[in-house]
Amino acid sequence: MKTIDASDIYYRQLNEQIDEIITTDKNVTLNNVFGQRYIGRGLPENVKIKINGFPGNDMGAYMDGAELEIFGNGQDAVGNTMNNGRIVIHGNAGDTTGYAMRGGEIYVKGNVGYRVGIHMKEYKETRPVIVIGARAGDFLGEYMAGGAIIVLGIGLKKGEDLTGKYCGTGIHGGAIFINAKQDKYKFGKEAVLMKLTDADISLLEKHIEAYGKYFKIGTSKIKAGNFSKYAPLSHNPYSKMYSK
Amino acid sequence: MSLDFSTPLFEVIRDEKKCIQCKVCVKQCSNKVHSYDEEENLVKADDIKCVNCHRCVLLCPTRALSIKKYSLEFRENANWTGQAINEIYKQADTGGVLLTSMGNPKPFPIYWDKMLLNASQVTNPSIDPLREPMETRVMIGRKPDSLEYDKKGKLITQLPPQLELSAPILFSAMSYGSISRNAHESLARAATELGICYNTGEGGLNRDFYKYGPNTIVQVASGRFGVSREYLNAGAAIEIKIGQGAKPGIGGHLPGRKVDEDVSATRMIPIGSDAISPAPHHDIYSIEDLRQLIYSLKETSGYKKPVFVKIAAVHNAAAIASGVVRAGADAVVVDGFRGGTGAAPLRVRDNVGIPIELALAAIDQRLREEGIRNQASLVIAGSVRNSADIVKAIALGADAVYIGSAALLAIGCHMCHSCSTGKCNWGIATQEPELVKRLNPDIMYKRLVNLVTAWNHEIQELIGGMGINAIDSLRGNRLMLRGVGLNEKELEILGIKHAGE
């Protein structure tokens with residue numbers, strides 16, 4: 001396990017140092033991270049990075065199997081176009097978290113910003129998952145084309161909603177699971193309330209349990225059967241829009 | 001069901017004396033225009049299905065076929081043309097957005113044709129490319145502000161990554177999905193043989209084509225299809241697609257029926273699922289955000305490849321291009337309003353954007369005024385039809401040009417504007433295996449090589465005639481251009497004098 005003190009290091013040098021260390025030691029701890037971008041970009045399997053502080057935008061972009069654990073908040077575009085791997089954030093994450101991610105998992109202990117999981121997609125056996133502990137902003141899962149977004153709603157005040165508006169607008173694949181009787185008006189017209197299948201229940205149970213384990217939070221009160229599932233009616237939502 | 005108001009656009013003329021009822025036309029037409037009537041032993045045509053792609057005409061062994069404009073006329077009306085009327089009928093019938101393909105066909109001015117080139121006479125003699133060395137090679141990428149050498153005269157300055165092209169020509173971004181696998185293979189092999197580049201478009205890079213990497217530009221668009229670490233490191237350069245000349249301001253939409261197994265594997269999406277590219281990149285709302293994406297790509301590709309940013313030519317193109325350069329792009333690509341497309345809403349294609357000639361002149365001028373022209377190369381697209389267009393573009397300030405429609409014409413496109421139907425009889429804009437195999441990459445790549453070789457020689461002839469022996473000496477040399485029939489404002493924007501001045 002190697003440690004880097006990231007104070008006053010520009011992101012390019014910081015990422016170069018990480019690249020160098022992982023040629024010999026796959027475990028790296030970064031201390032005093034303060035806004036450096038692109039940490040973990042494109043990193044492969046078996047690399048594990050612990051981040052203490054405040055990593056900058058595009059953390060884990062194009063990541064290809066590495067694991068990041070952040071003891072702080074994530075900023076915008078966490079896991080942008082990520083292919084595989086896992087990101088665990090002991091805090092909140094910003095807008096467009098999981099943009100176009102194609103595989104891997106992102107666990108956020110608290111809240112996330114706008115347009116989270118936009119254009120997430122799945123391909124064959126790779127199905128990305130974003131688990132959000134508390135609540136999500138507007139346009140959650142916009143243009144979603146695959147994978148799963150799970151919103152747990154832990155620690156919300158009474159009357160506080162689990163998502164913003166326009167969720168699942170343009171969705172044409174994957175599903176959004178909300179731990180509440182979420183009203184349809186919060187969702188775009190392409191997203192439809194659907195019945196949970198057995199496969200959904202086991203997917204939810206697996207990720208709720210993992211969430212509890214990563215953040216050491218009891219999740220026994222969260223029942224998979226209580227979730228509302230919003231999924232697309234069609235994989236071809238706009239096929240009738242054109243005349244040839 | 002109400003009465004269908006649609007009428008044919010074309011009429012298939014069959015010379016019955018020549019027709020031998022061989023049924024080649026019946027087999028060849030994916031639009032099912034031709035049919036064989038056994039009772040009468042006649043081949044018949046349903047004109048309304050004809051898109052005028054010439055496939056049957058060229059394959060008819062007895063040359064019995066020709067196609068004419070359908071002679072049905074509406075009462076003459078300069079305002080309500082037949083096309084305008086038929087569009088209303090179609091939309092009233094379907095309730096749908098009109099979809100079309102290829103570039104804007106409207107009679108807007110073509111500025112290439114209103115500019116003429118100079119040639120040397122008496123002084124500064126012209127150069128004959130057949131007998132003298134002539135340089136058409138270009139280097140695309142950021143150039144340093146100054147060069148430093150050590151005492152022995154060795155260069156100390158580290159050059160940013162450059163893309164070397166043997167001619168100032170690249171093949172435009174056309175995704176696998178919008179065009180066929182065989183069309184892609186033809187482009188990739190031709191680019192490799194020529195020492196230029198082709199562009200994957202936003203549909204990812206097929207595993208089988210990784211071997212053409214040194215001559216490949218990989219594109220990153222808002223849908224991020226097929227974009228991965230491996231993909232970003234597979235090509236010679238990376239291009240961020242912000243906009244496209246044929247459809248500025250809107251996204252793309254590959255219908256699920258075109259997403260077969262191979263397209264699905266290349267785009268990394270499920271078979272049959274629509275591939276929707278949102279209109280904006282949702283991680284880019286500002287020049288600073290664009291910089292963030294540019295540098296995320298540079299970080300992931302080890303700062304070894306130039307990053308291009310492609311924008312559509314729109315009203316404030318010069319200011320936008322300045323922002324793009326300041327965001328860190330190594331090359332700005334500008335696509336004019338005549339640029340082609342596999343599918344675009346007709347109203348957008350025909351009404352949005354500006355001519356590439358004006359955008360190019362304005363951008364080059366602006367970047368020079370701001371002292372940042374060296375920081376990025378300028379590549380233009382949006383209807384470059386021949387080598388003279390290229391020479392004029394370079395004299396206006398371009399480093400290189402993308403050719404899309406011209407490249408497709410070289411491999412058999414007949415400009416029928418029907419790409420979006422997916423039934424391309426020439427095997428280009430289709431994913432139907434029976435149609436795709438009509439396009440033989442072994443033959444077609446050579447036609448592309450021929451085209452670029454011919455153009456490159458013509459470029460040498462044209463610049464040699466001006467007494468110039470390297471394409472770099474022509475770049476931005478607007479004194480080599482004169483306008484004909486242009487008004488003061490047009491001349492001012494183009495930065496050229498009128499013929500006779």
# chains A, B, ... in the order shown; residues from 1 in each chain; ligands from 1
>>> interface_residues(of="chain A", to="chain B", cutoff="8 Å", atoms="only C-alpha atoms", output="ChimeraX atom specification")
/A:12,38,41-42,58,61-64,77,81-83,96,99-100,119,121-124,143,172-173,235-237,239-244
>>> write_last_selection(atoms="N, CA, C and O atoms", output="short mmCIF file (atom, residue, chain, number, x, y, z; two decimals), in the first residue's frame")
data_model
loop_
_atom_site.label_atom_id
_atom_site.label_comp_id
_atom_site.auth_asym_id
_atom_site.auth_seq_id
_atom_site.Cartn_x
_atom_site.Cartn_y
_atom_site.Cartn_z
N ARG A 12 -2.49 16.38 -13.45
CA ARG A 12 -1.72 15.59 -14.42
C ARG A 12 -0.58 14.84 -13.75
O ARG A 12 -0.36 13.64 -14.00
N TYR A 38 -10.09 13.78 -12.81
CA TYR A 38 -9.79 12.54 -13.57
C TYR A 38 -9.10 11.45 -12.75
O TYR A 38 -8.43 10.58 -13.32
N ARG A 41 -9.02 7.67 -13.96
CA ARG A 41 -9.47 7.61 -15.37
C ARG A 41 -8.85 6.40 -16.09
O ARG A 41 -7.65 6.18 -16.06
N GLY A 42 -9.74 5.59 -16.65
CA GLY A 42 -9.32 4.46 -17.47
C GLY A 42 -8.57 3.37 -16.74
O GLY A 42 -8.02 2.47 -17.38
N ASP A 58 -15.06 14.39 -13.08
CA ASP A 58 -14.68 13.26 -13.95
C ASP A 58 -13.85 12.21 -13.23
O ASP A 58 -13.00 11.56 -13.84
N ALA A 61 -13.49 8.47 -14.83
CA ALA A 61 -13.93 8.51 -16.23
C ALA A 61 -13.29 7.38 -17.02
O ALA A 61 -12.10 7.10 -16.86
N TYR A 62 -14.08 6.74 -17.87
CA TYR A 62 -13.63 5.62 -18.73
C TYR A 62 -12.98 4.50 -17.92
O TYR A 62 -12.19 3.70 -18.44
N MET A 63 -13.26 4.43 -16.64
CA MET A 63 -12.61 3.45 -15.76
C MET A 63 -12.92 2.04 -16.24
O MET A 63 -14.00 1.75 -16.72
N ASP A 64 -11.93 1.17 -16.10
CA ASP A 64 -12.05 -0.14 -16.72
C ASP A 64 -11.81 -1.27 -15.74
O ASP A 64 -11.14 -2.25 -16.06
N ALA A 77 -19.91 14.42 -12.73
CA ALA A 77 -19.50 13.40 -13.71
C ALA A 77 -18.62 12.32 -13.12
O ALA A 77 -17.65 11.88 -13.72
N THR A 81 -18.79 7.66 -18.47
CA THR A 81 -18.49 6.67 -19.52
C THR A 81 -17.63 5.52 -18.98
O THR A 81 -16.74 5.00 -19.65
N MET A 82 -17.92 5.13 -17.76
CA MET A 82 -17.14 4.07 -17.12
C MET A 82 -17.53 2.72 -17.73
O MET A 82 -18.67 2.47 -18.04
N ASN A 83 -16.53 1.89 -17.89
CA ASN A 83 -16.74 0.58 -18.52
C ASN A 83 -16.94 -0.51 -17.49
O ASN A 83 -17.73 -1.43 -17.69
N THR A 96 -24.63 14.64 -13.22
CA THR A 96 -24.23 13.67 -14.26
C THR A 96 -23.34 12.55 -13.73
O THR A 96 -22.48 12.04 -14.44
N TYR A 99 -22.67 9.26 -16.01
CA TYR A 99 -23.03 9.61 -17.40
C TYR A 99 -22.54 8.51 -18.35
O TYR A 99 -21.36 8.21 -18.40
N ALA A 100 -23.46 7.93 -19.10
CA ALA A 100 -23.13 6.96 -20.16
C ALA A 100 -22.34 5.77 -19.65
O ALA A 100 -21.64 5.12 -20.42
N HIS A 119 -28.15 8.49 -19.87
CA HIS A 119 -27.64 7.64 -20.95
C HIS A 119 -26.80 6.48 -20.45
O HIS A 119 -25.87 6.04 -21.12
N LYS A 121 -26.06 2.72 -20.15
CA LYS A 121 -26.44 1.70 -21.13
C LYS A 121 -25.92 0.36 -20.67
O LYS A 121 -25.06 0.29 -19.81
N GLU A 122 -26.48 -0.69 -21.24
CA GLU A 122 -25.97 -2.01 -20.89
C GLU A 122 -25.59 -2.74 -22.17
O GLU A 122 -26.06 -2.42 -23.27
N TYR A 123 -24.71 -3.70 -22.02
CA TYR A 123 -24.29 -4.46 -23.19
C TYR A 123 -23.98 -5.88 -22.76
O TYR A 123 -23.12 -6.09 -21.92
N LYS A 124 -24.71 -6.82 -23.33
CA LYS A 124 -24.59 -8.23 -22.97
C LYS A 124 -24.67 -8.40 -21.44
O LYS A 124 -25.59 -7.92 -20.84
N TYR A 143 -32.71 9.61 -20.80
CA TYR A 143 -32.20 8.86 -21.96
C TYR A 143 -31.62 7.51 -21.56
O TYR A 143 -30.77 6.96 -22.27
N HIS A 172 -35.09 4.35 -22.69
CA HIS A 172 -35.41 3.29 -23.65
C HIS A 172 -34.72 1.98 -23.31
O HIS A 172 -34.60 1.09 -24.13
N GLY A 173 -34.24 1.88 -22.08
CA GLY A 173 -33.66 0.62 -21.60
C GLY A 173 -33.38 0.76 -20.11
O GLY A 173 -33.35 1.87 -19.57
N HIS A 235 -38.21 0.00 -26.49
CA HIS A 235 -36.80 0.26 -26.77
C HIS A 235 -36.64 1.20 -27.97
O HIS A 235 -35.54 1.55 -28.35
N ASN A 236 -37.74 1.55 -28.57
CA ASN A 236 -37.73 2.42 -29.75
C ASN A 236 -38.74 3.55 -29.55
O ASN A 236 -39.76 3.61 -30.23
N PRO A 237 -38.48 4.46 -28.59
CA PRO A 237 -39.52 5.42 -28.20
C PRO A 237 -39.91 6.42 -29.27
O PRO A 237 -41.00 6.98 -29.23
N SER A 239 -39.85 5.95 -32.73
CA SER A 239 -39.97 5.41 -34.08
C SER A 239 -41.17 5.97 -34.83
O SER A 239 -41.20 5.96 -36.06
N LYS A 240 -42.17 6.48 -34.12
CA LYS A 240 -43.35 6.99 -34.82
C LYS A 240 -43.26 8.49 -35.10
O LYS A 240 -44.18 9.08 -35.64
N MET A 241 -42.15 9.10 -34.72
CA MET A 241 -42.05 10.54 -34.83
C MET A 241 -41.79 11.01 -36.25
O MET A 241 -41.99 12.16 -36.58
N TYR A 242 -41.31 10.10 -37.09
CA TYR A 242 -40.86 10.52 -38.43
C TYR A 242 -41.73 9.96 -39.53
O TYR A 242 -42.21 8.84 -39.44
N SER A 243 -41.90 10.74 -40.59
CA SER A 243 -42.53 10.21 -41.79
C SER A 243 -41.49 10.23 -42.88
O SER A 243 -40.71 11.17 -42.96
N LYS A 244 -41.45 9.17 -43.64
CA LYS A 244 -40.34 9.09 -44.60
C LYS A 244 -40.77 9.48 -46.00
O LYS A 244 -41.91 9.49 -46.31
#
>>> residues_around(residues="Ala66 in chain A", least_positions_apart="2", cutoff="7 Å", atoms="only C-alpha atoms", output="list in words")
Leu43, Pro44, Glu45, Asn46, Val47, Lys48, Met63, Asp64, Leu68, Gly85 and Arg86 of chain A
>>> write_last_selection(atoms="all heavy atoms", output="PDB file, in the first residue's frame")
ATOM      1  N   LEU A  43      -8.525   3.389 -15.390  1.00  0.00           N
ATOM      2  CA  LEU A  43      -7.668   2.408 -14.696  1.00  0.00           C
ATOM      3  C   LEU A  43      -8.271   1.001 -14.737  1.00  0.00           C
ATOM      4  O   LEU A  43      -9.480   0.817 -14.652  1.00  0.00           O
ATOM      5  CB  LEU A  43      -7.405   2.833 -13.254  1.00  0.00           C
ATOM      6  CG  LEU A  43      -6.532   4.083 -13.089  1.00  0.00           C
ATOM      7  CD1 LEU A  43      -6.239   4.340 -11.619  1.00  0.00           C
ATOM      8  CD2 LEU A  43      -5.232   3.972 -13.874  1.00  0.00           C
ATOM      9  N   PRO A  44      -7.400  -0.003 -14.842  1.00  0.00           N
ATOM     10  CA  PRO A  44      -7.856  -1.379 -15.047  1.00  0.00           C
ATOM     11  C   PRO A  44      -8.187  -2.123 -13.749  1.00  0.00           C
ATOM     12  O   PRO A  44      -8.088  -1.572 -12.654  1.00  0.00           O
ATOM     13  CB  PRO A  44      -6.653  -2.024 -15.731  1.00  0.00           C
ATOM     14  CG  PRO A  44      -5.485  -1.288 -15.177  1.00  0.00           C
ATOM     15  CD  PRO A  44      -5.946   0.125 -14.926  1.00  0.00           C
ATOM     16  N   GLU A  45      -8.535  -3.365 -13.910  1.00  0.00           N
ATOM     17  CA  GLU A  45      -8.911  -4.230 -12.781  1.00  0.00           C
ATOM     18  C   GLU A  45      -7.782  -4.381 -11.772  1.00  0.00           C
ATOM     19  O   GLU A  45      -6.616  -4.220 -12.112  1.00  0.00           O
ATOM     20  CB  GLU A  45      -9.308  -5.611 -13.312  1.00  0.00           C
ATOM     21  CG  GLU A  45     -10.736  -5.632 -13.805  1.00  0.00           C
ATOM     22  CD  GLU A  45     -11.138  -6.973 -14.389  1.00  0.00           C
ATOM     23  OE1 GLU A  45     -10.354  -7.913 -14.309  1.00  0.00           O
ATOM     24  OE2 GLU A  45     -12.251  -7.037 -14.943  1.00  0.00           O
ATOM     25  N   ASN A  46      -8.191  -4.725 -10.558  1.00  0.00           N
ATOM     26  CA  ASN A  46      -7.284  -5.011  -9.434  1.00  0.00           C
ATOM     27  C   ASN A  46      -6.632  -3.777  -8.827  1.00  0.00           C
ATOM     28  O   ASN A  46      -5.949  -3.872  -7.818  1.00  0.00           O
ATOM     29  CB  ASN A  46      -6.177  -6.009  -9.815  1.00  0.00           C
ATOM     30  CG  ASN A  46      -6.769  -7.328 -10.284  1.00  0.00           C
ATOM     31  OD1 ASN A  46      -7.795  -7.768  -9.734  1.00  0.00           O
ATOM     32  ND2 ASN A  46      -6.192  -7.926 -11.297  1.00  0.00           N
ATOM     33  N   VAL A  47      -6.835  -2.615  -9.414  1.00  0.00           N
ATOM     34  CA  VAL A  47      -6.298  -1.395  -8.811  1.00  0.00           C
ATOM     35  C   VAL A  47      -7.313  -0.901  -7.782  1.00  0.00           C
ATOM     36  O   VAL A  47      -8.511  -0.845  -8.065  1.00  0.00           O
ATOM     37  CB  VAL A  47      -6.055  -0.313  -9.881  1.00  0.00           C
ATOM     38  CG1 VAL A  47      -5.679   1.017  -9.238  1.00  0.00           C
ATOM     39  CG2 VAL A  47      -4.988  -0.766 -10.862  1.00  0.00           C
ATOM     40  N   LYS A  48      -6.808  -0.594  -6.569  1.00  0.00           N
ATOM     41  CA  LYS A  48      -7.707  -0.074  -5.528  1.00  0.00           C
ATOM     42  C   LYS A  48      -7.159   1.239  -5.020  1.00  0.00           C
ATOM     43  O   LYS A  48      -6.008   1.302  -4.588  1.00  0.00           O
ATOM     44  CB  LYS A  48      -7.812  -1.064  -4.370  1.00  0.00           C
ATOM     45  CG  LYS A  48      -8.616  -2.297  -4.736  1.00  0.00           C
ATOM     46  CD  LYS A  48      -8.813  -3.211  -3.560  1.00  0.00           C
ATOM     47  CE  LYS A  48      -9.559  -4.453  -4.040  1.00  0.00           C
ATOM     48  NZ  LYS A  48      -9.628  -5.487  -3.045  1.00  0.00           N
ATOM     49  N   MET A  63     -13.264   4.431 -16.645  1.00  0.00           N
ATOM     50  CA  MET A  63     -12.609   3.452 -15.764  1.00  0.00           C
ATOM     51  C   MET A  63     -12.916   2.039 -16.244  1.00  0.00           C
ATOM     52  O   MET A  63     -14.004   1.754 -16.724  1.00  0.00           O
ATOM     53  CB  MET A  63     -13.073   3.644 -14.327  1.00  0.00           C
ATOM     54  CG  MET A  63     -12.070   3.141 -13.321  1.00  0.00           C
ATOM     55  SD  MET A  63     -12.404   3.780 -11.669  1.00  0.00           S
ATOM     56  CE  MET A  63     -13.796   2.775 -11.198  1.00  0.00           C
ATOM     57  N   ASP A  64     -11.930   1.173 -16.096  1.00  0.00           N
ATOM     58  CA  ASP A  64     -12.046  -0.139 -16.719  1.00  0.00           C
ATOM     59  C   ASP A  64     -11.815  -1.275 -15.738  1.00  0.00           C
ATOM     60  O   ASP A  64     -11.138  -2.249 -16.061  1.00  0.00           O
ATOM     61  CB  ASP A  64     -11.049  -0.211 -17.883  1.00  0.00           C
ATOM     62  CG  ASP A  64     -11.551  -1.119 -18.994  1.00  0.00           C
ATOM     63  OD1 ASP A  64     -12.707  -1.575 -18.917  1.00  0.00           O
ATOM     64  OD2 ASP A  64     -10.773  -1.369 -19.928  1.00  0.00           O
ATOM     65  N   LEU A  68     -12.570   2.521  -6.534  1.00  0.00           N
ATOM     66  CA  LEU A  68     -12.262   3.773  -5.848  1.00  0.00           C
ATOM     67  C   LEU A  68     -13.142   3.875  -4.611  1.00  0.00           C
ATOM     68  O   LEU A  68     -14.341   3.601  -4.683  1.00  0.00           O
ATOM     69  CB  LEU A  68     -12.551   4.988  -6.745  1.00  0.00           C
ATOM     70  CG  LEU A  68     -11.960   5.034  -8.160  1.00  0.00           C
ATOM     71  CD1 LEU A  68     -12.385   6.335  -8.854  1.00  0.00           C
ATOM     72  CD2 LEU A  68     -10.452   4.928  -8.116  1.00  0.00           C
ATOM     73  N   GLY A  85     -15.843  -1.598 -12.993  1.00  0.00           N
ATOM     74  CA  GLY A  85     -15.203  -1.212 -11.741  1.00  0.00           C
ATOM     75  C   GLY A  85     -16.224  -0.780 -10.703  1.00  0.00           C
ATOM     76  O   GLY A  85     -17.431  -0.973 -10.893  1.00  0.00           O
ATOM     77  N   ARG A  86     -15.712  -0.217  -9.594  1.00  0.00           N
ATOM     78  CA  ARG A  86     -16.643   0.185  -8.525  1.00  0.00           C
ATOM     79  C   ARG A  86     -16.175   1.493  -7.895  1.00  0.00           C
ATOM     80  O   ARG A  86     -14.981   1.694  -7.667  1.00  0.00           O
ATOM     81  CB  ARG A  86     -16.708  -0.896  -7.449  1.00  0.00           C
ATOM     82  CG  ARG A  86     -17.748  -0.578  -6.377  1.00  0.00           C
ATOM     83  CD  ARG A  86     -17.772  -1.595  -5.255  1.00  0.00           C
ATOM     84  NE  ARG A  86     -18.033  -2.932  -5.733  1.00  0.00           N
ATOM     85  CZ  ARG A  86     -17.259  -3.981  -5.479  1.00  0.00           C
ATOM     86  NH1 ARG A  86     -16.176  -3.849  -4.749  1.00  0.00           N
ATOM     87  NH2 ARG A  86     -17.558  -5.171  -5.960  1.00  0.00           N
TER      88      ARG A  86
END
>>> select_by_dssp(residues="range 13-150 of chain A", states="strand (DSSP E or B)", output="ChimeraX atom specification")
/A:27-34,44,48-54,64-71,84-89,93,105-108,112,121,123,126,129-132,145-150
>>> closest_residue(among="B:Val484, B:Ile468, B:Ala327, B:Ala407", to="Asn450 in chain B", atoms="only C-alpha atoms")
B:Ala407
>>> residues_around(residues="range 362-370 of chain B", least_positions_apart="2", cutoff="12 Å", atoms="only C-alpha atoms", output="NGL selection string")
:B and (311 or 313-326 or 332-334 or 354-360 or 372-380 or 393-399 or 475-478 or 490-496)
>>> closest_residue(among="A:Thr126, A:Thr169, A:Asn111, A:Thr29", to="Ile49 in chain A", atoms="only C-alpha atoms")
A:Thr29
>>> residues_around(residues="range 183-200 of chain B", least_positions_apart="5", cutoff="6 Å", atoms="only C-alpha atoms", output="ChimeraX atom specification")
/B:165-166,170-173,175,215-218,428,441,444-445,448-449
>>> write_last_selection(atoms="N, CA, C and O atoms", output="CSV table (one decimal), in the first residue's frame")
chain,number,residue,atom,x,y,z
B,165,LEU,N,-0.7,13.7,-42.5
B,165,LEU,CA,-1.5,13.3,-43.6
B,165,LEU,C,-0.8,13.5,-44.9
B,165,LEU,O,-0.2,14.6,-45.1
B,166,SER,N,-0.8,12.5,-45.8
B,166,SER,CA,0.0,12.7,-47.1
B,166,SER,C,-0.7,13.7,-48.0
B,166,SER,O,-0.1,14.2,-48.9
B,170,LEU,N,-9.2,14.2,-45.4
B,170,LEU,CA,-9.6,13.1,-44.5
B,170,LEU,C,-11.0,12.6,-44.9
B,170,LEU,O,-11.8,13.4,-45.5
B,171,PHE,N,-11.4,11.4,-44.6
B,171,PHE,CA,-12.7,10.9,-44.8
B,171,PHE,C,-13.6,11.3,-43.6
B,171,PHE,O,-13.2,11.0,-42.5
B,172,SER,N,-14.7,11.9,-43.9
B,172,SER,CA,-15.6,12.4,-42.8
B,172,SER,C,-16.1,11.3,-41.9
B,172,SER,O,-16.2,10.1,-42.3
B,173,ALA,N,-16.6,11.7,-40.7
B,173,ALA,CA,-17.2,10.8,-39.7
B,173,ALA,C,-18.5,10.2,-40.3
B,173,ALA,O,-19.4,11.0,-40.6
B,175,SER,N,-20.8,6.8,-39.1
B,175,SER,CA,-20.8,5.8,-38.2
B,175,SER,C,-21.1,4.4,-38.8
B,175,SER,O,-21.8,4.4,-39.8
B,215,ASN,N,-4.6,4.9,-39.0
B,215,ASN,CA,-5.3,5.8,-40.0
B,215,ASN,C,-6.7,6.0,-39.6
B,215,ASN,O,-7.6,6.3,-40.5
B,216,THR,N,-7.0,5.9,-38.3
B,216,THR,CA,-8.4,6.1,-37.8
B,216,THR,C,-8.5,7.2,-36.9
B,216,THR,O,-7.6,7.4,-36.0
B,217,ILE,N,-9.5,8.0,-37.0
B,217,ILE,CA,-9.9,9.0,-36.0
B,217,ILE,C,-11.1,8.4,-35.3
B,217,ILE,O,-12.1,8.1,-35.9
B,218,VAL,N,-11.0,8.3,-34.0
B,218,VAL,CA,-12.2,7.8,-33.2
B,218,VAL,C,-13.0,9.0,-32.7
B,218,VAL,O,-12.5,9.9,-32.2
B,428,ILE,N,-24.4,0.8,-49.3
B,428,ILE,CA,-23.6,1.8,-48.4
B,428,ILE,C,-24.4,2.1,-47.2
B,428,ILE,O,-24.0,1.7,-46.1
B,441,PRO,N,-15.5,-4.4,-50.8
B,441,PRO,CA,-14.4,-3.5,-50.4
B,441,PRO,C,-13.1,-3.7,-51.2
B,441,PRO,O,-12.4,-2.7,-51.3
B,444,MET,N,-13.9,-1.4,-54.0
B,444,MET,CA,-14.3,0.0,-53.7
B,444,MET,C,-13.2,0.8,-53.1
B,444,MET,O,-13.1,2.0,-53.2
B,445,TYR,N,-12.3,0.1,-52.3
B,445,TYR,CA,-11.3,0.9,-51.6
B,445,TYR,C,-10.3,1.5,-52.7
B,445,TYR,O,-9.8,2.6,-52.5
B,448,LEU,N,-11.6,4.7,-54.0
B,448,LEU,CA,-11.3,5.9,-53.1
B,448,LEU,C,-9.8,6.3,-53.2
B,448,LEU,O,-9.5,7.5,-53.2
B,449,VAL,N,-8.9,5.3,-53.3
B,449,VAL,CA,-7.5,5.6,-53.6
B,449,VAL,C,-7.4,6.4,-54.8
B,449,VAL,O,-6.7,7.4,-54.9
>>> select_by_dssp(residues="range 179-240 of chain B", states="alpha helix (DSSP H)", output="list in words")
Arg181, Asn182, Ala183, His184, Glu185, Ser186, Leu187, Ala188, Arg189, Ala190, Ala191, Thr192, Glu193, Leu194, Arg229, Glu230, Tyr231 and Leu232 of chain B
>>> residues_around(residues="Leu30 in chain A", least_positions_apart="6", cutoff="6 Å", atoms="only C-alpha atoms", output="PDB file with N, CA and C atoms, in the first residue's frame")
ATOM      1  N   THR A   3       1.193   5.515  -0.355  1.00  0.00           N
ATOM      2  CA  THR A   3       0.403   6.705  -0.046  1.00  0.00           C
ATOM      3  C   THR A   3       0.978   7.919  -0.782  1.00  0.00           C
ATOM      4  N   ILE A   4       0.084   8.721  -1.319  1.00  0.00           N
ATOM      5  CA  ILE A   4       0.529   9.968  -1.947  1.00  0.00           C
ATOM      6  C   ILE A   4      -0.119  11.128  -1.209  1.00  0.00           C
ATOM      7  N   ILE A  51      -9.375   7.416  -1.399  1.00  0.00           N
ATOM      8  CA  ILE A  51      -9.203   8.859  -1.575  1.00  0.00           C
ATOM      9  C   ILE A  51      -9.708   9.583  -0.341  1.00  0.00           C
ATOM     10  N   ASN A  52      -8.805  10.313   0.305  1.00  0.00           N
ATOM     11  CA  ASN A  52      -9.198  11.133   1.444  1.00  0.00           C
ATOM     12  C   ASN A  52      -9.189  12.587   1.024  1.00  0.00           C
TER      13      ASN A  52
END
>>> residues_around(residues="Lys189 in chain A", least_positions_apart="4", cutoff="12 Å", atoms="only C-alpha atoms", output="list in words")
Glu142, Tyr143, Lys165, Tyr166, Cys167, Gly168, Thr169, Gly170, Ile171, His172, Lys184, Tyr185, Leu193, Tyr230, Ala231, Pro232, Leu233, Ser234, Pro237 and Tyr238 of chain A
>>> atom_distance(atom1="CA of Pro109 in chain B", atom2="CA of Pro8 in chain B")
29.1 Å
